[in-house]
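Source file: my_file-v7.cif (mmCIF, C-alpha atoms)
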```
data_final
#
loop_
_atom_site.label_atom_id
_atom_site.label_comp_id
_atom_site.auth_asym_id
_atom_site.auth_seq_id
_atom_site.Cartn_x
_atom_site.Cartn_y
_atom_site.Cartn_z
CA MET A 17 -23.64 11.59 -15.39
CA GLY A 18 -22.21 8.53 -17.07
CA GLY A 19 -19.08 8.45 -14.90
CA ALA A 20 -17.93 11.91 -15.99
CA GLU A 21 -15.22 13.42 -13.82
CA ILE A 22 -16.35 16.34 -11.69
CA VAL A 23 -14.20 19.40 -12.41
CA GLY A 24 -13.04 21.26 -9.31
CA PRO A 25 -12.30 24.98 -8.84
CA ALA A 26 -8.57 24.66 -9.67
CA ALA A 27 -9.27 22.96 -13.00
CA VAL A 28 -11.89 25.57 -13.84
CA GLU A 29 -9.42 28.36 -13.03
CA ASN A 30 -6.73 26.80 -15.25
CA GLY A 31 -9.19 26.39 -18.11
CA LEU A 32 -10.41 29.96 -17.84
CA THR A 33 -6.82 31.24 -17.74
CA SER A 34 -5.91 29.34 -20.91
CA LEU A 35 -8.97 30.52 -22.85
CA THR A 36 -8.76 34.15 -21.78
CA GLN A 37 -5.06 34.30 -22.65
CA LYS A 38 -5.85 32.80 -26.04
CA HIS A 39 -8.41 35.51 -26.75
CA ARG A 40 -6.40 38.28 -25.03
CA ILE A 41 -9.12 38.87 -22.43
CA GLU A 42 -7.76 40.20 -19.17
CA ILE A 43 -8.17 37.81 -16.22
CA VAL A 44 -9.77 40.18 -13.77
CA ALA A 45 -9.75 39.52 -10.03
CA PRO A 46 -13.52 38.95 -9.66
CA LEU A 47 -13.44 36.19 -12.26
CA MET A 48 -10.57 34.38 -10.56
CA LYS A 49 -12.19 34.86 -7.16
CA LEU A 50 -15.30 33.17 -8.54
CA ALA A 51 -13.26 30.21 -9.78
CA ASP A 52 -11.36 29.98 -6.51
CA GLU A 53 -14.31 30.09 -4.13
CA MET A 54 -17.16 28.32 -5.87
CA GLN A 55 -17.68 24.57 -5.85
CA THR A 56 -20.24 24.87 -8.60
CA PHE A 57 -21.06 27.40 -11.30
CA HIS A 58 -24.60 28.67 -11.62
CA ALA A 59 -25.40 29.58 -15.21
CA GLU A 60 -26.16 33.20 -14.46
CA GLN A 61 -22.92 33.63 -12.50
CA VAL A 62 -20.87 32.10 -15.29
CA ALA A 63 -22.48 34.31 -17.91
CA GLY A 64 -22.01 37.37 -15.74
CA ALA A 65 -18.33 36.62 -15.13
CA VAL A 66 -17.65 36.04 -18.82
CA ARG A 67 -19.43 39.27 -19.76
CA PHE A 68 -17.40 41.12 -17.16
CA ALA A 69 -14.10 39.79 -18.54
CA ALA A 70 -15.05 40.61 -22.13
CA GLU A 71 -16.25 44.11 -21.24
CA ARG A 72 -13.04 44.75 -19.27
CA GLY A 73 -11.04 43.75 -22.32
CA THR A 74 -13.09 46.22 -24.38
CA GLN A 75 -12.38 49.01 -21.89
CA LEU A 76 -8.65 48.37 -22.06
CA LEU A 77 -8.69 48.36 -25.85
CA ASP A 78 -10.61 51.62 -25.84
CA ALA A 79 -7.99 53.12 -23.52
CA GLY A 80 -5.29 52.16 -26.00
CA VAL A 81 -3.42 49.50 -24.01
CA GLY A 82 -4.75 46.33 -25.62
CA ALA A 83 -6.96 43.56 -24.29
CA ALA A 84 -4.36 42.09 -21.96
CA GLY A 85 -1.71 44.76 -21.97
CA ASP A 86 -0.33 43.58 -25.32
CA GLY A 87 0.96 47.00 -26.35
CA TRP A 88 -1.23 47.19 -29.46
CA SER A 89 -1.58 50.94 -29.02
CA GLU A 90 0.56 52.75 -26.48
CA SER A 91 -0.84 56.22 -27.05
CA HIS A 92 -4.27 57.64 -26.37
CA PRO A 93 -6.47 56.67 -29.33
CA THR A 94 -7.65 59.10 -31.95
CA GLN A 95 -11.22 58.86 -33.23
CA CYS A 96 -9.97 56.55 -35.99
CA THR A 97 -8.03 54.23 -33.70
CA ARG A 98 -10.96 54.23 -31.28
CA ARG A 99 -13.20 52.91 -34.05
CA VAL A 100 -10.67 50.20 -34.85
CA ALA A 101 -10.47 49.35 -31.16
CA ASP A 102 -14.24 49.09 -30.98
CA ASP A 103 -14.28 46.74 -33.97
CA ARG A 104 -11.55 44.60 -32.51
CA ALA A 105 -13.25 44.55 -29.13
CA GLY A 106 -16.47 43.39 -30.75
CA GLU A 107 -14.69 40.46 -32.35
CA LEU A 108 -13.01 39.66 -29.05
CA ARG A 109 -16.32 39.68 -27.20
CA ARG A 110 -18.00 37.42 -29.73
CA GLU A 111 -15.22 34.88 -30.22
CA GLY A 112 -13.74 34.76 -26.75
CA THR A 113 -17.01 34.85 -24.85
CA ASP A 114 -18.61 32.21 -27.05
CA GLU A 115 -15.73 29.79 -26.59
CA ILE A 116 -15.56 30.31 -22.82
CA LYS A 117 -19.32 29.82 -22.48
CA SER A 118 -19.12 26.68 -24.60
CA TRP A 119 -16.30 25.30 -22.48
CA LEU A 120 -18.05 26.04 -19.19
CA GLY A 121 -21.29 24.54 -20.50
CA LYS A 122 -19.58 21.18 -20.95
CA LEU A 123 -18.34 20.92 -17.38
CA PRO A 124 -19.92 18.12 -15.31
CA LEU A 125 -20.89 19.97 -12.13
CA LYS A 126 -22.14 18.88 -8.74
CA ALA A 127 -24.68 20.67 -6.62
CA GLU A 128 -23.41 23.39 -4.31
CA LEU A 129 -23.33 22.41 -0.64
CA LEU A 130 -24.38 25.24 1.65
CA ARG A 131 -23.61 24.58 5.32
CA ILE A 132 -26.23 26.06 7.70
CA ASP A 133 -26.33 25.68 11.47
CA PRO A 134 -29.29 23.34 12.20
CA ASP A 135 -29.97 24.87 15.62
CA GLU A 136 -29.43 28.57 14.88
CA PRO A 137 -29.74 29.05 11.10
CA GLU A 138 -27.78 32.06 9.87
CA PRO A 139 -30.23 34.63 8.39
CA HIS A 140 -27.96 35.57 5.47
CA LEU A 141 -27.63 31.91 4.47
CA ILE A 142 -31.36 31.38 4.78
CA GLY A 143 -31.66 34.36 2.45
CA GLN A 144 -29.54 32.53 -0.15
CA VAL A 145 -31.89 29.56 0.01
CA VAL A 146 -34.92 31.82 -0.38
CA GLU A 147 -33.36 33.51 -3.43
CA SER A 148 -32.77 30.12 -5.01
CA LEU A 149 -36.39 29.08 -4.39
CA GLN A 150 -37.65 32.37 -5.80
CA ARG A 151 -35.68 31.68 -9.00
CA GLY A 152 -37.62 28.43 -9.35
CA ASP A 153 -34.76 26.15 -8.27
CA VAL A 154 -35.17 22.85 -6.48
CA VAL A 155 -33.32 22.92 -3.15
CA ALA A 156 -32.54 19.91 -0.97
CA LEU A 157 -32.63 20.59 2.76
CA PRO A 158 -32.82 18.63 6.02
CA THR A 159 -36.15 18.06 7.72
CA ASP A 160 -36.56 16.31 11.07
CA THR A 161 -36.95 12.94 9.31
CA PHE A 162 -35.13 12.82 5.96
CA TYR A 163 -33.66 15.35 3.56
CA GLY A 164 -36.40 16.76 1.35
CA LEU A 165 -36.76 18.51 -1.99
CA ALA A 166 -38.14 22.02 -1.60
CA VAL A 167 -39.66 24.34 -4.19
CA ASP A 168 -42.07 27.25 -4.16
CA PRO A 169 -45.42 25.43 -4.51
CA VAL A 170 -46.97 28.33 -6.43
CA ASN A 171 -44.32 27.99 -9.15
CA LEU A 172 -45.88 25.23 -11.25
CA ARG A 173 -42.77 24.75 -13.39
CA ALA A 174 -40.72 24.11 -10.25
CA VAL A 175 -43.38 21.70 -8.97
CA GLU A 176 -43.27 19.82 -12.27
CA HIS A 177 -39.49 19.64 -12.01
CA ILE A 178 -39.78 17.74 -8.72
CA TYR A 179 -42.07 15.16 -10.33
CA GLU A 180 -39.54 14.78 -13.14
CA LEU A 181 -36.55 14.45 -10.79
CA LYS A 182 -38.20 11.75 -8.71
CA THR A 183 -40.13 10.14 -11.57
CA ARG A 184 -43.00 10.50 -9.14
CA ALA A 185 -46.51 9.50 -10.19
CA ARG A 186 -48.52 12.59 -11.08
CA HIS A 187 -51.51 11.43 -9.02
CA LYS A 188 -49.52 11.66 -5.78
CA PRO A 189 -49.79 15.10 -4.14
CA LEU A 190 -46.76 16.78 -2.60
CA SER A 191 -46.71 17.42 1.14
CA LEU A 192 -45.97 20.97 2.32
CA LEU A 193 -43.91 22.25 5.23
CA ILE A 194 -45.31 25.26 7.08
CA ALA A 195 -43.95 27.50 9.82
CA ASP A 196 -46.79 27.28 12.33
CA VAL A 197 -50.39 26.19 12.87
CA ALA A 198 -51.71 29.60 11.84
CA GLN A 199 -50.34 29.05 8.34
CA ALA A 200 -52.37 25.84 8.06
CA TYR A 201 -55.57 27.84 8.44
CA GLU A 202 -54.49 30.02 5.50
CA LEU A 203 -53.89 27.02 3.23
CA ALA A 204 -56.70 24.65 4.21
CA ARG A 205 -60.47 24.76 4.55
CA SER A 206 -63.01 22.95 6.74
CA ILE A 207 -60.51 22.43 9.56
CA ASP A 208 -62.23 20.82 12.55
CA ASN A 209 -61.52 19.97 16.16
CA THR A 210 -59.70 16.76 15.22
CA PHE A 211 -57.09 18.79 13.39
CA ASP A 212 -56.67 21.16 16.32
CA LYS A 213 -56.06 18.28 18.75
CA LEU A 214 -53.44 16.63 16.54
CA ALA A 215 -51.66 19.88 15.71
CA GLU A 216 -51.52 20.92 19.34
CA ARG A 217 -50.19 17.54 20.42
CA PHE A 218 -47.69 16.68 17.67
CA TRP A 219 -46.57 19.92 15.96
CA PRO A 220 -43.78 20.72 15.51
CA GLY A 221 -42.99 17.11 14.79
CA PRO A 222 -43.14 14.13 12.40
CA LEU A 223 -46.90 14.16 11.78
CA THR A 224 -48.32 14.98 8.34
CA ILE A 225 -52.00 15.88 8.30
CA VAL A 226 -54.08 15.66 5.12
CA VAL A 227 -56.92 18.20 4.91
CA LYS A 228 -59.02 19.90 2.26
CA ALA A 229 -56.94 22.44 0.33
CA GLY A 230 -57.95 26.07 0.29
CA SER A 231 -58.18 28.29 -2.78
CA LYS A 232 -54.65 29.68 -2.38
CA LEU A 233 -53.02 26.43 -3.49
CA PRO A 234 -52.80 25.43 -7.16
CA LEU A 235 -54.58 22.16 -7.99
CA ARG A 236 -51.28 20.85 -9.40
CA VAL A 237 -49.80 20.76 -5.90
CA THR A 238 -52.73 18.65 -4.72
CA ALA A 239 -52.37 16.35 -7.78
CA ASN A 240 -55.94 17.42 -8.60
CA THR A 241 -57.25 15.70 -5.45
CA GLY A 242 -58.30 18.90 -3.71
CA ASN A 243 -56.41 17.75 -0.61
CA VAL A 244 -53.15 18.97 0.85
CA ALA A 245 -50.74 17.33 3.28
CA LEU A 246 -49.34 19.78 5.84
CA ARG A 247 -46.67 19.57 8.51
CA VAL A 248 -44.84 21.87 10.92
CA PRO A 249 -41.37 20.28 11.20
CA GLU A 250 -39.09 20.38 14.21
CA ALA A 251 -36.20 21.30 11.89
CA GLN A 252 -35.26 24.94 12.43
CA ILE A 253 -33.80 25.39 8.95
CA CYS A 254 -37.07 24.45 7.26
CA ARG A 255 -39.15 26.75 9.41
CA ALA A 256 -36.70 29.63 8.93
CA VAL A 257 -36.88 29.19 5.14
CA VAL A 258 -40.70 29.10 5.16
CA SER A 259 -40.88 32.21 7.35
CA ALA A 260 -38.44 34.14 5.17
CA LEU A 261 -40.09 33.01 1.93
CA GLY A 262 -43.58 33.80 3.19
CA LEU A 263 -44.88 30.61 1.59
CA PRO A 264 -44.89 26.91 2.41
CA ILE A 265 -42.32 24.69 0.72
CA THR A 266 -42.64 21.20 -0.67
CA ALA A 267 -41.20 18.39 1.41
CA THR A 268 -41.06 15.22 -0.67
CA SER A 269 -38.09 13.06 0.29
CA ALA A 270 -34.82 13.79 -1.52
CA ASN A 271 -34.18 10.43 -3.14
CA LEU A 272 -34.44 8.96 -6.61
CA SER A 273 -37.03 6.31 -7.37
CA GLY A 274 -35.81 2.97 -6.04
CA HIS A 275 -33.10 4.55 -3.85
CA PRO A 276 -33.14 4.93 -0.05
CA GLU A 277 -34.11 8.16 1.68
CA CYS A 278 -31.21 10.40 2.64
CA THR A 279 -30.30 11.33 6.21
CA TYR A 280 -27.35 13.59 5.39
CA ALA A 281 -26.34 15.95 2.60
CA GLY A 282 -23.62 13.78 1.09
CA LEU A 283 -26.12 11.06 0.22
CA VAL A 284 -28.33 13.57 -1.58
CA ARG A 285 -25.36 14.74 -3.61
CA GLU A 286 -24.42 11.17 -4.52
CA GLN A 287 -27.92 10.45 -5.81
CA PHE A 288 -28.67 13.69 -7.64
CA GLY A 289 -25.23 14.96 -8.68
CA GLU A 290 -25.75 17.99 -10.91
CA LYS A 291 -29.53 17.58 -11.19
CA ILE A 292 -30.25 20.11 -8.45
CA PRO A 293 -28.23 23.30 -7.95
CA LEU A 294 -28.26 23.65 -4.17
CA ILE A 295 -28.12 21.25 -1.20
CA VAL A 296 -28.36 22.68 2.30
CA ASP A 297 -26.04 20.79 4.63
CA GLY A 298 -27.58 20.88 8.09
CA GLY A 299 -25.83 17.75 9.31
CA PRO A 300 -27.58 14.40 9.85
CA THR A 301 -31.34 14.43 10.33
CA ALA A 302 -32.75 13.90 13.83
CA ARG A 303 -34.36 10.58 12.94
CA ALA A 304 -34.42 8.06 10.09
CA VAL A 305 -38.10 7.18 10.15
CA ALA A 306 -40.76 8.68 7.87
CA THR A 307 -43.57 10.82 9.19
CA THR A 308 -46.91 9.38 10.18
CA ILE A 309 -49.67 10.52 7.81
CA VAL A 310 -53.21 11.05 9.08
CA ASP A 311 -56.04 11.79 6.65
CA LEU A 312 -58.71 14.18 7.94
CA SER A 313 -60.09 15.11 4.52
CA GLY A 314 -63.26 13.07 5.07
CA GLY A 315 -64.53 15.66 7.55
CA GLY A 316 -66.94 15.06 10.39
CA ASN A 317 -64.06 14.47 12.84
CA SER A 318 -63.24 11.23 10.99
CA TRP A 319 -59.62 10.18 10.64
CA MET A 320 -57.59 7.46 8.97
CA ILE A 321 -53.92 6.47 9.15
CA LEU A 322 -52.44 6.44 5.65
CA ARG A 323 -48.93 5.60 6.85
CA GLU A 324 -47.64 4.75 10.27
CA GLY A 325 -44.22 6.21 10.82
CA ALA A 326 -42.44 8.05 13.62
CA ILE A 327 -45.67 8.42 15.65
CA PRO A 328 -47.47 5.13 16.44
CA THR A 329 -51.16 4.80 15.67
CA HIS A 330 -52.05 4.30 19.32
CA GLU A 331 -50.59 7.71 20.19
CA ILE A 332 -52.80 9.31 17.55
CA ALA A 333 -55.87 7.53 18.96
CA LEU A 334 -54.95 8.53 22.50
CA ALA A 335 -54.56 12.20 21.55
CA LEU A 336 -58.01 12.24 19.92
CA GLN A 337 -59.72 10.72 22.96
CA HIS A 338 -59.09 13.80 25.06
#
```
Exercise: express the given structure as structure tokens:
Amino acid sequence: MGGAEIVGPAAVENGLTSLTQKHRIEIVAPLMKLADEMQTFHAEQVAGAVRFAAERGTQLLDAGVGAAGDGWSESHPTQCTRRVADDRAGELRREGTDEIKSWLGKLPLKAELLRIDPDEPEPHLIGQVVESLQRGDVVALPTDTFYGLAVDPVNLRAVEHIYELKTRARHKPLSLLIADVAQAYELARSIDNTFDKLAERFWPGPLTIVVKAGSKLPLRVTANTGNVALRVPEAQICRAVVSALGLPITATSANLSGHPECTYAGLVREQFGEKIPLIVDGGPTARAVATTIVDLSGGGNSWMILREGAIPTHEIALALQH
């Protein structure tokens, strides 16, 4: 961001007012409502608002009252004046819209913060997150350990974007959050009794289990290893998103390379700024320790600890003895 000042809603409103007055485009209520309420401007919303303002100006010209009530033609237009109005409206749309779009495109923006209740996630807000994921956006949201970066794992462009954001090595697969154990059986193959014991004992919870990936997952998600890391988190927001999306979501930690993991939304925003469009604010995470990762991909009921985290190794061993 290079120290650029973040422009707030009031400054955006003032800028839009100045430009639309310059080009005699009527400031319509929906456009000002957008500037007043939003903390960030998604590209499609900006374009839609600008188109709306320009088209409204065209309608007023066509009705014979001028783009912003300037009295250009007080009477109902004849066919001739209508043609002149159309020509003038076309120039207005091109010049005014282009300048407004150019101005908005230069604004240094921060990610939108969307507050969701961590215990009882609001369905309509979960729907907003799902829509963002379906568009291919990267969304930061709280897990039960750290904030994570979520995308639709079937959208390879979105998956690639995560690797770019984190400057993550391409040989490292991305772990996936799922809603329940049943979903693991849909995404993995050759699941054995060892998996069942660990899932029953530690899910939902901070245990990531590496298994052989099934055919439904793109190789890119597995970093061409053929393995996938799965977890059912305790975090209600994550599970609600996965259930509504109907797909797992990625769960790599939301931090830049060389920076600490984030335990609340403000830290994510400080690190990523405008690089991701949406951060779900579910308050501080339940713990500040990474998940334990157990590798079961070797089969034959063999297991190996790849990373000891929130669950100690001895608890894993104890669970598998029974």
I'd like a table as JSON lines: residues in segment 168-265 of chain A with an atom no more than 10 Å from segment 296-319 of chain A, each row giving the shortest atom pair and its distance in Å to one decimal, only C-alpha atoms counted, sorted by chain and rising residue number.
```
{"residue": "A:Arg205", "atom": "CA", "partner": "A:Ser313", "partner_atom": "CA", "distance": 9.7}
{"residue": "A:Ser206", "atom": "CA", "partner": "A:Gly315", "partner_atom": "CA", "distance": 7.5}
{"residue": "A:Ile207", "atom": "CA", "partner": "A:Gly315", "partner_atom": "CA", "distance": 8.1}
{"residue": "A:Asp208", "atom": "CA", "partner": "A:Asn317", "partner_atom": "CA", "distance": 6.6}
{"residue": "A:Asn209", "atom": "CA", "partner": "A:Asn317", "partner_atom": "CA", "distance": 6.9}
{"residue": "A:Thr210", "atom": "CA", "partner": "A:Asn317", "partner_atom": "CA", "distance": 5.5}
{"residue": "A:Phe211", "atom": "CA", "partner": "A:Leu312", "partner_atom": "CA", "distance": 7.3}
{"residue": "A:Leu214", "atom": "CA", "partner": "A:Val310", "partner_atom": "CA", "distance": 9.3}
{"residue": "A:Gly221", "atom": "CA", "partner": "A:Thr307", "partner_atom": "CA", "distance": 8.4}
{"residue": "A:Pro222", "atom": "CA", "partner": "A:Thr307", "partner_atom": "CA", "distance": 4.6}
{"residue": "A:Leu223", "atom": "CA", "partner": "A:Thr308", "partner_atom": "CA", "distance": 5.0}
{"residue": "A:Thr224", "atom": "CA", "partner": "A:Ile309", "partner_atom": "CA", "distance": 4.7}
{"residue": "A:Ile225", "atom": "CA", "partner": "A:Val310", "partner_atom": "CA", "distance": 5.0}
{"residue": "A:Val226", "atom": "CA", "partner": "A:Asp311", "partner_atom": "CA", "distance": 4.6}
{"residue": "A:Val227", "atom": "CA", "partner": "A:Ser313", "partner_atom": "CA", "distance": 4.4}
{"residue": "A:Lys228", "atom": "CA", "partner": "A:Ser313", "partner_atom": "CA", "distance": 5.4}
{"residue": "A:Ala229", "atom": "CA", "partner": "A:Ser313", "partner_atom": "CA", "distance": 9.0}
{"residue": "A:Gly242", "atom": "CA", "partner": "A:Ser313", "partner_atom": "CA", "distance": 9.2}
{"residue": "A:Asn243", "atom": "CA", "partner": "A:Ser313", "partner_atom": "CA", "distance": 6.8}
{"residue": "A:Val244", "atom": "CA", "partner": "A:Ser313", "partner_atom": "CA", "distance": 8.7}
{"residue": "A:Ala245", "atom": "CA", "partner": "A:Ile309", "partner_atom": "CA", "distance": 8.2}
{"residue": "A:Leu246", "atom": "CA", "partner": "A:Ile309", "partner_atom": "CA", "distance": 9.5}
{"residue": "A:Arg247", "atom": "CA", "partner": "A:Thr307", "partner_atom": "CA", "distance": 9.3}
{"residue": "A:Pro249", "atom": "CA", "partner": "A:Thr307", "partner_atom": "CA", "distance": 9.9}
{"residue": "A:Glu250", "atom": "CA", "partner": "A:Ala302", "partner_atom": "CA", "distance": 9.1}
{"residue": "A:Ala251", "atom": "CA", "partner": "A:Ala302", "partner_atom": "CA", "distance": 8.4}
{"residue": "A:Gln252", "atom": "CA", "partner": "A:Gly298", "partner_atom": "CA", "distance": 9.7}
{"residue": "A:Ile253", "atom": "CA", "partner": "A:Gly298", "partner_atom": "CA", "distance": 7.7}
```
What would the file look like if the residues just selected were written as an mmCIF file, in the frame of the given file with C-alpha atoms?
```
data_model
loop_
_atom_site.group_PDB
_atom_site.id
_atom_site.type_symbol
_atom_site.label_atom_id
_atom_site.label_comp_id
_atom_site.auth_asym_id
_atom_site.auth_seq_id
_atom_site.Cartn_x
_atom_site.Cartn_y
_atom_site.Cartn_z
ATOM 1 C CA ARG A 205 -60.470 24.760 4.550
ATOM 2 C CA SER A 206 -63.010 22.950 6.740
ATOM 3 C CA ILE A 207 -60.510 22.430 9.560
ATOM 4 C CA ASP A 208 -62.230 20.820 12.550
ATOM 5 C CA ASN A 209 -61.520 19.970 16.160
ATOM 6 C CA THR A 210 -59.700 16.760 15.220
ATOM 7 C CA PHE A 211 -57.090 18.790 13.390
ATOM 8 C CA LEU A 214 -53.440 16.630 16.540
ATOM 9 C CA GLY A 221 -42.990 17.110 14.790
ATOM 10 C CA PRO A 222 -43.140 14.130 12.400
ATOM 11 C CA LEU A 223 -46.900 14.160 11.780
ATOM 12 C CA THR A 224 -48.320 14.980 8.340
ATOM 13 C CA ILE A 225 -52.000 15.880 8.300
ATOM 14 C CA VAL A 226 -54.080 15.660 5.120
ATOM 15 C CA VAL A 227 -56.920 18.200 4.910
ATOM 16 C CA LYS A 228 -59.020 19.900 2.260
ATOM 17 C CA ALA A 229 -56.940 22.440 0.330
ATOM 18 C CA GLY A 242 -58.300 18.900 -3.710
ATOM 19 C CA ASN A 243 -56.410 17.750 -0.610
ATOM 20 C CA VAL A 244 -53.150 18.970 0.850
ATOM 21 C CA ALA A 245 -50.740 17.330 3.280
ATOM 22 C CA LEU A 246 -49.340 19.780 5.840
ATOM 23 C CA ARG A 247 -46.670 19.570 8.510
ATOM 24 C CA PRO A 249 -41.370 20.280 11.200
ATOM 25 C CA GLU A 250 -39.090 20.380 14.210
ATOM 26 C CA ALA A 251 -36.200 21.300 11.890
ATOM 27 C CA GLN A 252 -35.260 24.940 12.430
ATOM 28 C CA ILE A 253 -33.800 25.390 8.950
#
```
**OP:** Please evaluate the PyMOL selection byres ((chain A and resi 265) around 8) against the displayed coordinates and give the resulting residues as a ChimeraX atom specification.
**Re:** /A:166-169,192-194,258,263-264,266-267
**OP:** On this file, the PyMOL selection byres ((chain A and resi 280) around 12) gives some set of residues; write that set as an MDAnalysis selection string.
**Re:** chainID A and resid 129 131 156:164 269:271 276:279 281:287 295:304
**OP:** For atom CA of Gly274 of chain A and atom CA of Tyr179 of chain A, determine how far apart the two atoms are, in Å to one decimal place.
**Re:**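 Interatomic distance, atom CA of Gly274 of chain A to atom CA of Tyr179 of chain A: 14.4 Å.
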Original post:
When distances are computed from only C-alpha atoms, which of A:Arg151, A:Arg186, A:Lys232, A:His177 shows the smallest separation from Lys291 of chain A?
Top reply: A:His177
Subject >> Atom-to-atom span, atom CA of Val154 of chain A and atom CA of Val175 of chain A, Å >> reply: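 Computed distance, atom CA of Val154 of chain A to atom CA of Val175 of chain A, equals 8.7 Å.
The coordinates place atom CA of Leu141 of chain A at 27.2 Å from atom CA of Leu233 of chain A.
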**OP:** Rank A:Val170, A:Ile178, A:Gly152, A:Ala195 by their smallest atom-to-atom distance to Ala256 of chain A, using only C-alpha atoms, and report the top residue only.
**Re:**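 The closest residue to Ala256 of chain A is A:Ala195.
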Residue contacts of Lys213 of chain A (9 Å, only C-alpha atoms) excluding same-chain residues fewer than 4 positions away, as a PDB file with C-alpha atoms, keeping the file's coordinate frame:
```pdb
ATOM      1  CA  ASN A 209     -61.520  19.970  16.160  1.00  0.00           C
ATOM      2  CA  ARG A 217     -50.190  17.540  20.420  1.00  0.00           C
ATOM      3  CA  PHE A 218     -47.690  16.680  17.670  1.00  0.00           C
ATOM      4  CA  ALA A 335     -54.560  12.200  21.550  1.00  0.00           C
ATOM      5  CA  LEU A 336     -58.010  12.240  19.920  1.00  0.00           C
ATOM      6  CA  HIS A 338     -59.090  13.800  25.060  1.00  0.00           C
TER       7      HIS A 338
END
```
**OP:** Rank nothing, just name the residue among A:Ala198, A:Ala260, A:Leu272, A:Leu334 nearest to Glu138 of chain A, using all atoms listed in the file.
**Re:**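 Answer, going by the shortest atom-to-atom distance: A:Ala260.
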With the input short on atoms, add N, CA and C atoms back to segment 278-290 of chain A and write it as a PDB file, in the frame of the given file.
```pdb
ATOM      1  N   CYS A 278     -32.512   9.878   2.225  1.00  0.00           N
ATOM      2  CA  CYS A 278     -31.210  10.400   2.640  1.00  0.00           C
ATOM      3  C   CYS A 278     -31.287  11.074   3.998  1.00  0.00           C
ATOM      4  N   THR A 279     -30.334  10.740   4.870  1.00  0.00           N
ATOM      5  CA  THR A 279     -30.300  11.330   6.210  1.00  0.00           C
ATOM      6  C   THR A 279     -29.171  12.337   6.373  1.00  0.00           C
ATOM      7  N   TYR A 280     -28.337  12.515   5.351  1.00  0.00           N
ATOM      8  CA  TYR A 280     -27.350  13.590   5.390  1.00  0.00           C
ATOM      9  C   TYR A 280     -27.060  14.066   3.968  1.00  0.00           C
ATOM     10  N   ALA A 281     -26.469  15.249   3.880  1.00  0.00           N
ATOM     11  CA  ALA A 281     -26.340  15.950   2.600  1.00  0.00           C
ATOM     12  C   ALA A 281     -25.526  15.186   1.570  1.00  0.00           C
ATOM     13  N   GLY A 282     -24.470  14.497   2.025  1.00  0.00           N
ATOM     14  CA  GLY A 282     -23.620  13.780   1.090  1.00  0.00           C
ATOM     15  C   GLY A 282     -24.368  12.727   0.292  1.00  0.00           C
ATOM     16  N   LEU A 283     -25.332  12.069   0.920  1.00  0.00           N
ATOM     17  CA  LEU A 283     -26.120  11.060   0.220  1.00  0.00           C
ATOM     18  C   LEU A 283     -26.982  11.691  -0.870  1.00  0.00           C
ATOM     19  N   VAL A 284     -27.528  12.858  -0.578  1.00  0.00           N
ATOM     20  CA  VAL A 284     -28.330  13.570  -1.580  1.00  0.00           C
ATOM     21  C   VAL A 284     -27.461  13.899  -2.789  1.00  0.00           C
ATOM     22  N   ARG A 285     -26.264  14.367  -2.516  1.00  0.00           N
ATOM     23  CA  ARG A 285     -25.360  14.740  -3.610  1.00  0.00           C
ATOM     24  C   ARG A 285     -24.964  13.533  -4.443  1.00  0.00           C
ATOM     25  N   GLU A 286     -24.771  12.391  -3.783  1.00  0.00           N
ATOM     26  CA  GLU A 286     -24.420  11.170  -4.520  1.00  0.00           C
ATOM     27  C   GLU A 286     -25.552  10.744  -5.449  1.00  0.00           C
ATOM     28  N   GLN A 287     -26.790  10.888  -4.996  1.00  0.00           N
ATOM     29  CA  GLN A 287     -27.920  10.450  -5.810  1.00  0.00           C
ATOM     30  C   GLN A 287     -28.258  11.418  -6.939  1.00  0.00           C
ATOM     31  N   PHE A 288     -28.184  12.715  -6.655  1.00  0.00           N
ATOM     32  CA  PHE A 288     -28.670  13.690  -7.640  1.00  0.00           C
ATOM     33  C   PHE A 288     -27.561  14.354  -8.444  1.00  0.00           C
ATOM     34  N   GLY A 289     -26.319  14.358  -7.920  1.00  0.00           N
ATOM     35  CA  GLY A 289     -25.230  14.960  -8.680  1.00  0.00           C
ATOM     36  C   GLY A 289     -25.536  16.384  -9.075  1.00  0.00           C
ATOM     37  N   GLU A 290     -25.538  16.637 -10.399  1.00  0.00           N
ATOM     38  CA  GLU A 290     -25.750  17.990 -10.910  1.00  0.00           C
ATOM     39  C   GLU A 290     -27.214  18.292 -11.193  1.00  0.00           C
TER      40      GLU A 290
END
```
